[in-house]
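Visitor: upload29.txt is reproduced in full below (compact mmCIF, C-alpha atoms).
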```txt
# COMPACT_ATOMS: atom_id res chain seq x y z
CA MET A 78 19.43 -15.86 9.13
CA ILE A 79 16.00 -14.18 9.20
CA ASN A 80 13.85 -15.00 12.25
CA ALA A 81 10.20 -15.26 11.24
CA LEU A 82 6.82 -15.79 12.92
CA ILE A 83 3.50 -17.04 11.55
CA ILE A 84 0.34 -15.58 13.12
CA GLU A 85 -2.71 -17.26 11.58
CA ASP A 86 -5.82 -18.78 13.16
CA GLU A 87 -6.33 -21.60 10.64
CA VAL A 88 -4.12 -24.60 11.51
CA ASN A 89 -4.03 -25.90 7.93
CA ASN A 90 -2.97 -22.50 6.61
CA ARG A 91 -0.19 -22.26 9.21
CA GLU A 92 1.14 -25.70 8.33
CA TYR A 93 0.97 -24.99 4.59
CA LEU A 94 2.83 -21.69 4.94
CA ARG A 95 5.45 -23.23 7.22
CA GLN A 96 6.10 -25.99 4.70
CA MET A 97 6.60 -23.38 2.00
CA LEU A 98 8.96 -21.37 4.20
CA ASP A 99 11.02 -24.49 4.95
CA ARG A 100 12.29 -24.24 1.36
CA PHE A 101 14.11 -21.01 2.21
CA ALA A 102 17.46 -21.82 3.78
CA ASP A 103 17.89 -18.32 5.23
CA ILE A 104 14.50 -18.15 7.00
CA ALA A 105 13.96 -19.73 10.42
CA VAL A 106 10.36 -19.94 11.67
CA MET A 107 10.76 -19.25 15.38
CA GLY A 108 7.13 -19.74 16.35
CA GLU A 109 3.47 -19.86 15.38
CA ALA A 110 0.35 -18.33 16.91
CA GLY A 111 -3.32 -19.00 16.34
CA THR A 112 -4.76 -15.87 18.01
CA ALA A 113 -3.90 -12.19 18.26
CA GLU A 114 -3.08 -12.58 21.98
CA GLU A 115 -0.62 -15.38 21.28
CA GLY A 116 0.82 -13.34 18.43
CA ILE A 117 1.47 -10.34 20.67
CA ARG A 118 3.32 -12.51 23.20
CA LEU A 119 5.39 -14.13 20.44
CA ILE A 120 6.39 -10.84 18.85
CA ARG A 121 7.42 -9.38 22.21
CA GLY A 122 9.36 -12.50 23.16
CA VAL A 123 11.07 -13.42 19.89
CA LYS A 124 11.65 -9.90 18.49
CA PRO A 125 11.40 -11.23 14.92
CA ASP A 126 12.80 -9.85 11.68
CA LEU A 127 9.72 -10.85 9.67
CA VAL A 128 6.09 -11.63 10.57
CA PHE A 129 3.50 -13.37 8.40
CA MET A 130 0.10 -12.32 9.74
CA ASP A 131 -3.53 -12.93 8.88
CA ILE A 132 -5.78 -9.87 9.04
CA GLU A 133 -8.99 -11.56 10.24
CA MET A 134 -8.56 -13.58 13.44
CA PRO A 135 -10.84 -14.47 16.38
CA GLY A 136 -10.94 -11.85 19.09
CA ALA A 137 -8.95 -9.16 17.31
CA SER A 138 -7.80 -8.30 13.80
CA GLY A 139 -4.18 -8.32 12.70
CA PHE A 140 -4.25 -4.52 12.77
CA GLU A 141 -5.51 -4.47 16.37
CA CYS A 142 -2.83 -6.99 17.31
CA LEU A 143 -0.08 -4.79 15.87
CA GLU A 144 -1.44 -1.67 17.59
CA ARG A 145 -0.68 -3.35 20.93
CA VAL A 146 2.93 -4.19 20.03
CA ARG A 147 5.20 -1.49 21.41
CA ASP A 148 8.18 -1.90 19.04
CA LEU A 149 7.29 -2.05 15.34
CA ASN A 150 10.86 -2.80 14.27
CA PHE A 151 10.19 -5.75 11.96
CA GLU A 152 8.92 -6.32 8.44
CA ILE A 153 5.45 -7.75 7.90
CA ILE A 154 3.74 -9.66 5.12
CA PHE A 155 -0.02 -9.90 5.53
CA VAL A 156 -1.59 -13.21 4.46
CA THR A 157 -5.31 -12.88 3.90
CA ALA A 158 -8.41 -13.66 1.91
CA TYR A 159 -9.40 -10.77 -0.34
CA ASP A 160 -10.78 -7.73 1.42
CA HIS A 161 -10.77 -4.56 -0.67
CA TYR A 162 -10.59 -2.07 2.19
CA ALA A 163 -7.83 -3.88 4.06
CA LEU A 164 -5.72 -4.47 0.96
CA ASN A 165 -6.07 -0.87 -0.14
CA ALA A 166 -4.92 0.31 3.30
CA ILE A 167 -1.91 -2.02 3.07
CA LYS A 168 -1.01 -0.76 -0.40
CA PHE A 169 -1.32 2.83 0.87
CA SER A 170 1.52 2.15 3.28
CA ALA A 171 3.73 0.33 0.74
CA LEU A 172 3.51 -2.91 2.71
CA ASP A 173 3.22 -6.37 1.20
CA TYR A 174 0.47 -8.97 1.27
CA LEU A 175 -0.29 -12.45 -0.05
CA LEU A 176 -3.71 -13.75 -0.97
CA LYS A 177 -4.84 -17.18 0.18
CA PRO A 178 -4.07 -19.78 -1.03
CA VAL A 179 -0.48 -18.56 -1.05
CA ASN A 180 1.29 -18.83 -4.39
CA ALA A 181 4.92 -20.01 -4.24
CA ALA A 182 6.21 -17.45 -6.75
CA GLU A 183 4.40 -14.56 -5.01
CA LEU A 184 5.76 -15.73 -1.64
CA GLU A 185 9.31 -15.69 -3.00
CA THR A 186 8.83 -12.18 -4.43
CA ALA A 187 7.42 -10.87 -1.13
CA ILE A 188 10.28 -12.40 0.86
CA GLU A 189 12.91 -10.92 -1.45
CA LYS A 190 11.33 -7.48 -1.00
CA ALA A 191 11.30 -7.94 2.78
CA LYS A 192 14.96 -8.99 2.82
CA ARG A 193 15.97 -5.72 1.19
CA LYS A 194 14.31 -3.80 4.03
CA ILE A 195 15.43 -5.94 6.98
CA GLY A 196 18.60 -4.65 8.51
CA ASP A 197 19.06 -2.07 11.21
CA LYS A 198 15.96 -2.90 13.28
CA THR A 199 14.66 0.68 13.17
CA GLU A 200 10.98 1.48 13.54
CA ASN A 201 8.93 0.37 10.56
CA LEU A 202 7.39 3.72 9.59
CA ARG A 203 5.29 2.14 6.85
CA LEU A 204 3.66 -0.16 9.39
CA LYS A 205 3.16 2.72 11.80
CA ASN A 206 1.56 4.73 9.00
CA LEU A 207 -0.86 1.87 8.29
CA LEU A 208 -1.96 1.56 11.91
CA GLU A 209 -2.42 5.31 12.33
CA SER A 210 -4.59 5.43 9.22
CA GLN A 211 -6.80 2.68 10.70
CA THR A 212 -7.41 4.57 13.93
CA GLY A 213 -8.03 7.87 12.20
CA GLN A 214 -5.55 9.68 14.45
CA PHE A 215 -3.62 11.25 11.58
CA PRO A 216 -4.39 12.42 8.04
CA ARG A 217 -3.98 9.56 5.62
CA GLN A 218 -0.65 9.52 3.86
CA LEU A 219 0.51 7.53 0.88
CA ALA A 220 3.87 5.78 1.27
CA LEU A 221 5.94 6.11 -1.92
CA SER A 222 8.94 3.82 -2.18
CA SER A 223 11.54 5.25 -4.56
CA ALA A 224 15.05 3.97 -5.29
CA GLU A 225 16.57 6.08 -2.48
CA ARG A 226 13.93 6.25 0.24
CA ILE A 227 10.32 5.80 1.34
CA GLU A 228 8.39 9.06 1.56
CA PHE A 229 5.01 9.66 3.17
CA ILE A 230 2.97 12.07 1.07
CA SER A 231 -0.36 13.65 1.94
CA VAL A 232 -2.87 12.64 -0.73
CA GLU A 233 -4.07 16.24 -0.99
CA ASP A 234 -0.58 17.30 -2.14
CA ILE A 235 -0.61 15.00 -5.19
CA VAL A 236 -1.54 17.03 -8.27
CA ARG A 237 -1.26 14.26 -10.85
CA CYS A 238 0.47 10.99 -11.71
CA ARG A 239 1.99 10.11 -15.06
CA GLY A 240 2.58 6.54 -16.20
CA GLU A 241 6.03 5.83 -17.64
CA ASN A 242 6.02 2.16 -18.69
CA ASN A 243 6.33 0.19 -15.42
CA TYR A 244 6.95 3.35 -13.38
CA THR A 245 4.74 6.15 -12.08
CA ARG A 246 5.91 9.74 -11.72
CA PHE A 247 4.13 11.69 -8.97
CA HIS A 248 3.83 15.45 -9.50
CA LEU A 249 3.31 17.18 -6.17
CA ALA A 250 2.20 20.65 -5.13
CA GLY A 251 5.23 22.93 -5.17
CA GLY A 252 6.72 21.25 -8.24
CA ARG A 253 8.42 18.29 -6.58
CA GLU A 254 8.44 14.92 -8.39
CA ILE A 255 8.86 11.34 -7.16
CA LEU A 256 9.42 8.35 -9.47
CA VAL A 257 8.08 5.04 -8.14
CA SER A 258 8.55 1.55 -9.59
CA GLN A 259 4.86 0.65 -9.73
CA THR A 260 2.46 0.98 -12.63
CA LEU A 261 -0.12 3.73 -13.01
CA GLY A 262 -2.84 1.06 -12.97
CA GLU A 263 -1.86 0.03 -9.45
CA TYR A 264 -2.16 3.60 -8.18
CA GLU A 265 -5.43 4.05 -10.02
CA GLN A 266 -6.87 1.32 -7.78
CA ILE A 267 -5.24 2.61 -4.61
CA LEU A 268 -6.40 6.22 -5.11
CA ALA A 269 -9.84 5.52 -6.60
CA GLU A 270 -11.65 6.50 -3.38
CA HIS A 271 -9.67 9.71 -2.94
CA HIS A 272 -10.99 11.89 -5.79
CA PHE A 273 -8.53 10.61 -8.39
CA LEU A 274 -9.56 9.85 -11.95
CA ARG A 275 -7.73 8.16 -14.82
CA VAL A 276 -8.40 10.71 -17.58
CA HIS A 277 -5.99 9.29 -20.13
CA GLN A 278 -3.93 6.15 -20.67
CA SER A 279 -0.89 7.86 -19.14
CA HIS A 280 -2.51 10.29 -16.70
CA LEU A 281 -4.20 9.99 -13.31
CA VAL A 282 -5.30 13.31 -11.82
CA ASN A 283 -6.46 14.60 -8.46
CA THR A 284 -9.81 16.15 -9.41
CA ARG A 285 -9.42 18.61 -6.52
CA GLN A 286 -6.33 19.97 -8.25
CA ILE A 287 -8.11 20.69 -11.55
CA GLN A 288 -8.10 24.40 -12.31
CA THR A 289 -9.94 24.49 -15.66
CA PHE A 290 -11.76 22.00 -17.86
CA VAL A 291 -11.22 23.16 -21.46
CA LYS A 292 -13.86 21.61 -23.72
CA GLY A 293 -12.32 22.66 -27.06
CA ASP A 294 -9.29 21.21 -28.88
CA GLY A 295 -10.37 17.68 -28.07
CA GLY A 296 -10.73 18.48 -24.37
CA TYR A 297 -8.00 18.88 -21.79
CA LEU A 298 -7.45 19.86 -18.18
CA LYS A 299 -5.45 22.72 -16.75
CA MET A 300 -4.01 21.63 -13.41
CA THR A 301 -2.94 23.80 -10.49
CA ASP A 302 0.73 23.09 -11.30
CA GLY A 303 0.29 24.73 -14.73
CA SER A 304 0.26 21.51 -16.74
CA ASN A 305 -2.23 20.68 -19.49
CA ILE A 306 -3.46 17.09 -19.36
CA PRO A 307 -5.16 15.46 -22.38
CA LEU A 308 -8.60 14.04 -21.80
CA ALA A 309 -9.74 10.79 -23.40
CA LYS A 310 -13.17 11.02 -25.06
CA SER A 311 -14.47 8.12 -22.98
CA LYS A 312 -13.70 10.04 -19.77
CA LYS A 313 -15.50 13.30 -20.53
CA VAL A 314 -18.89 12.30 -19.13
CA GLN A 315 -17.34 10.72 -16.03
CA LEU A 316 -15.22 13.80 -15.45
CA MET A 317 -18.19 16.15 -15.82
CA GLU A 318 -20.16 14.16 -13.25
CA GLN A 319 -17.29 14.08 -10.78
CA PHE A 320 -15.98 17.57 -11.43
CA LEU A 321 -19.34 19.34 -11.26
CA GLY A 322 -20.70 17.06 -8.57
CA ARG A 323 -17.97 17.98 -6.10
CA ARG A 324 -18.85 21.68 -6.44
CA LYS A 325 -22.47 21.26 -5.39
```
Take the structure in the file and write it out as structure tokens.
Guide:
Amino acid sequence: MINALIIEDEVNNREYLRQMLDRFADIAVMGEAGTAEEGIRLIRGVKPDLVFMDIEMPGASGFECLERVRDLNFEIIFVTAYDHYALNAIKFSALDYLLKPVNAAELETAIEKAKRKIGDKTENLRLKNLLESQTGQFPRQLALSSAERIEFISVEDIVRCRGENNYTRFHLAGGREILVSQTLGEYEQILAEHHFLRVHQSHLVNTRQIQTFVKGDGGYLKMTDGSNIPLAKSKKVQLMEQFLGRRK
């Protein structure tokens, strides 16, 4: 049985989510909280396996609430209205979220993902990574969840990403590769504010890892790892603006 908590300031949203969770025979909702303070006390007292938490709450955000919890040894699913910055930070740390109003199919998918990670009650490094990135104490790292492990990679070390159907292959400085079961389009959104540009249908590059922009032969990029990346015609102007602009 998975012990769960709901931390959400809107009473109607709490009741709706609890009703949806009642359909899962292996999830027991052990408590509900309407404020961050109540949520902190619940987490410390119940020591849950899984927490459903809103990001925006009176008095303190969900992030601020979690920063005050000493033991981050549970899985979390954020439940929130759309906020680009917050969702991008969550995606960066390979954590899950649900948009309001919660969709039943998306809830089931999120719970199944959480179940695979609940087990030995060790510290949730993905959650810790998220909170550290919010406070600015550490360089931002991208959590990549592969079949074998979750790795935290400095964004600066990513040379390029190649889309392979529903997977993305990360090519890192030093020649290492990591294959992740998320699409290139998802990482295009996550990395958009970190000097990454989709230069081709199958290629997303770190513009700070571009060595040479070759204008001939249709146009292509020489990257610092020695690869040549094709450049779509529609991206040439955008690349010139970004590539030359960063050198000013």
Visitor: Around (-9.8, 9.4, -15.5) in the file's frame, which residues reach within 12 Å when counting only C-alpha atoms? Return as a PDB file with C-alpha atoms, in the frame of the given file?
Guide:
```pdb
ATOM      1  CA  ARG A 237      -1.260  14.260 -10.850  1.00  0.00           C
ATOM      2  CA  CYS A 238       0.470  10.990 -11.710  1.00  0.00           C
ATOM      3  CA  ARG A 239       1.990  10.110 -15.060  1.00  0.00           C
ATOM      4  CA  LEU A 261      -0.120   3.730 -13.010  1.00  0.00           C
ATOM      5  CA  GLY A 262      -2.840   1.060 -12.970  1.00  0.00           C
ATOM      6  CA  GLU A 265      -5.430   4.050 -10.020  1.00  0.00           C
ATOM      7  CA  GLN A 266      -6.870   1.320  -7.780  1.00  0.00           C
ATOM      8  CA  LEU A 268      -6.400   6.220  -5.110  1.00  0.00           C
ATOM      9  CA  ALA A 269      -9.840   5.520  -6.600  1.00  0.00           C
ATOM     10  CA  HIS A 272     -10.990  11.890  -5.790  1.00  0.00           C
ATOM     11  CA  PHE A 273      -8.530  10.610  -8.390  1.00  0.00           C
ATOM     12  CA  LEU A 274      -9.560   9.850 -11.950  1.00  0.00           C
ATOM     13  CA  ARG A 275      -7.730   8.160 -14.820  1.00  0.00           C
ATOM     14  CA  VAL A 276      -8.400  10.710 -17.580  1.00  0.00           C
ATOM     15  CA  HIS A 277      -5.990   9.290 -20.130  1.00  0.00           C
ATOM     16  CA  GLN A 278      -3.930   6.150 -20.670  1.00  0.00           C
ATOM     17  CA  SER A 279      -0.890   7.860 -19.140  1.00  0.00           C
ATOM     18  CA  HIS A 280      -2.510  10.290 -16.700  1.00  0.00           C
ATOM     19  CA  LEU A 281      -4.200   9.990 -13.310  1.00  0.00           C
ATOM     20  CA  VAL A 282      -5.300  13.310 -11.820  1.00  0.00           C
ATOM     21  CA  ASN A 283      -6.460  14.600  -8.460  1.00  0.00           C
ATOM     22  CA  THR A 284      -9.810  16.150  -9.410  1.00  0.00           C
ATOM     23  CA  TYR A 297      -8.000  18.880 -21.790  1.00  0.00           C
ATOM     24  CA  LEU A 298      -7.450  19.860 -18.180  1.00  0.00           C
ATOM     25  CA  ILE A 306      -3.460  17.090 -19.360  1.00  0.00           C
ATOM     26  CA  PRO A 307      -5.160  15.460 -22.380  1.00  0.00           C
ATOM     27  CA  LEU A 308      -8.600  14.040 -21.800  1.00  0.00           C
ATOM     28  CA  ALA A 309      -9.740  10.790 -23.400  1.00  0.00           C
ATOM     29  CA  LYS A 310     -13.170  11.020 -25.060  1.00  0.00           C
ATOM     30  CA  SER A 311     -14.470   8.120 -22.980  1.00  0.00           C
ATOM     31  CA  LYS A 312     -13.700  10.040 -19.770  1.00  0.00           C
ATOM     32  CA  LYS A 313     -15.500  13.300 -20.530  1.00  0.00           C
ATOM     33  CA  VAL A 314     -18.890  12.300 -19.130  1.00  0.00           C
ATOM     34  CA  GLN A 315     -17.340  10.720 -16.030  1.00  0.00           C
ATOM     35  CA  LEU A 316     -15.220  13.800 -15.450  1.00  0.00           C
ATOM     36  CA  MET A 317     -18.190  16.150 -15.820  1.00  0.00           C
ATOM     37  CA  GLU A 318     -20.160  14.160 -13.250  1.00  0.00           C
ATOM     38  CA  GLN A 319     -17.290  14.080 -10.780  1.00  0.00           C
ATOM     39  CA  PHE A 320     -15.980  17.570 -11.430  1.00  0.00           C
TER      40      PHE A 320
END
```
Visitor: Can you tell me how far atom CA of A:Glu85 sits from atom CA of A:Val156, in Å to one decimal?
Guide: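 It comes out at 8.3 Å.
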Visitor: Rank nothing, just name the residue among A:Lys299, A:Ala158, A:Ser304, A:Gly108 nearest to A:Arg95, using only C-alpha atoms.
Guide: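 For A:Arg95, the nearest of the given residues is A:Gly108.
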Visitor: As an exercise, work out the distance from atom CA of A:Lys292 to atom CA of A:Thr260 in Å and give it to one decimal place.
Guide: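 The value is 28.5 Å.
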Visitor: Here is a test: counting only C-alpha atoms, which residue of A:Ser222, A:Asn243, A:Asn165, A:Thr157 is nearest to A:Ser138?
Guide: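 Looking at the shortest contact to A:Ser138, the residue is A:Thr157.
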Visitor: So what do you get for atom CA of A:Ile104 versus atom CA of A:Leu143, distance-wise?
Guide: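 Result for atom CA of A:Ile104 versus atom CA of A:Leu143: 21.7 Å, one decimal.
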Visitor: For A:Ile153, find every residue with an atom within 10 Å (counting all atoms listed in the file), except residues of its own chain fewer than 3 positions away, and show them as a VMD selection string.
Guide: chain A and resid 81 to 82 125 to 130 149 to 150 156 172 to 174 187 to 188 191 201 203 to 204
Visitor: Could the residues in this selection be saved with C-alpha atoms as a PDB file, in the coordinates of the input?
Guide:
```pdb
ATOM      1  CA  ALA A  81      10.200 -15.260  11.240  1.00  0.00           C
ATOM      2  CA  LEU A  82       6.820 -15.790  12.920  1.00  0.00           C
ATOM      3  CA  PRO A 125      11.400 -11.230  14.920  1.00  0.00           C
ATOM      4  CA  ASP A 126      12.800  -9.850  11.680  1.00  0.00           C
ATOM      5  CA  LEU A 127       9.720 -10.850   9.670  1.00  0.00           C
ATOM      6  CA  VAL A 128       6.090 -11.630  10.570  1.00  0.00           C
ATOM      7  CA  PHE A 129       3.500 -13.370   8.400  1.00  0.00           C
ATOM      8  CA  MET A 130       0.100 -12.320   9.740  1.00  0.00           C
ATOM      9  CA  LEU A 149       7.290  -2.050  15.340  1.00  0.00           C
ATOM     10  CA  ASN A 150      10.860  -2.800  14.270  1.00  0.00           C
ATOM     11  CA  VAL A 156      -1.590 -13.210   4.460  1.00  0.00           C
ATOM     12  CA  LEU A 172       3.510  -2.910   2.710  1.00  0.00           C
ATOM     13  CA  ASP A 173       3.220  -6.370   1.200  1.00  0.00           C
ATOM     14  CA  TYR A 174       0.470  -8.970   1.270  1.00  0.00           C
ATOM     15  CA  ALA A 187       7.420 -10.870  -1.130  1.00  0.00           C
ATOM     16  CA  ILE A 188      10.280 -12.400   0.860  1.00  0.00           C
ATOM     17  CA  ALA A 191      11.300  -7.940   2.780  1.00  0.00           C
ATOM     18  CA  ASN A 201       8.930   0.370  10.560  1.00  0.00           C
ATOM     19  CA  ARG A 203       5.290   2.140   6.850  1.00  0.00           C
ATOM     20  CA  LEU A 204       3.660  -0.160   9.390  1.00  0.00           C
TER      21      LEU A 204
END
```
Visitor: Measuring between only C-alpha atoms, which one of A:Leu98, A:Ile235, A:Ile120, A:Ile195 shows the shortest distance to A:Gly252?
Guide: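 That would be A:Ile235, the residue with the smallest distance to A:Gly252.
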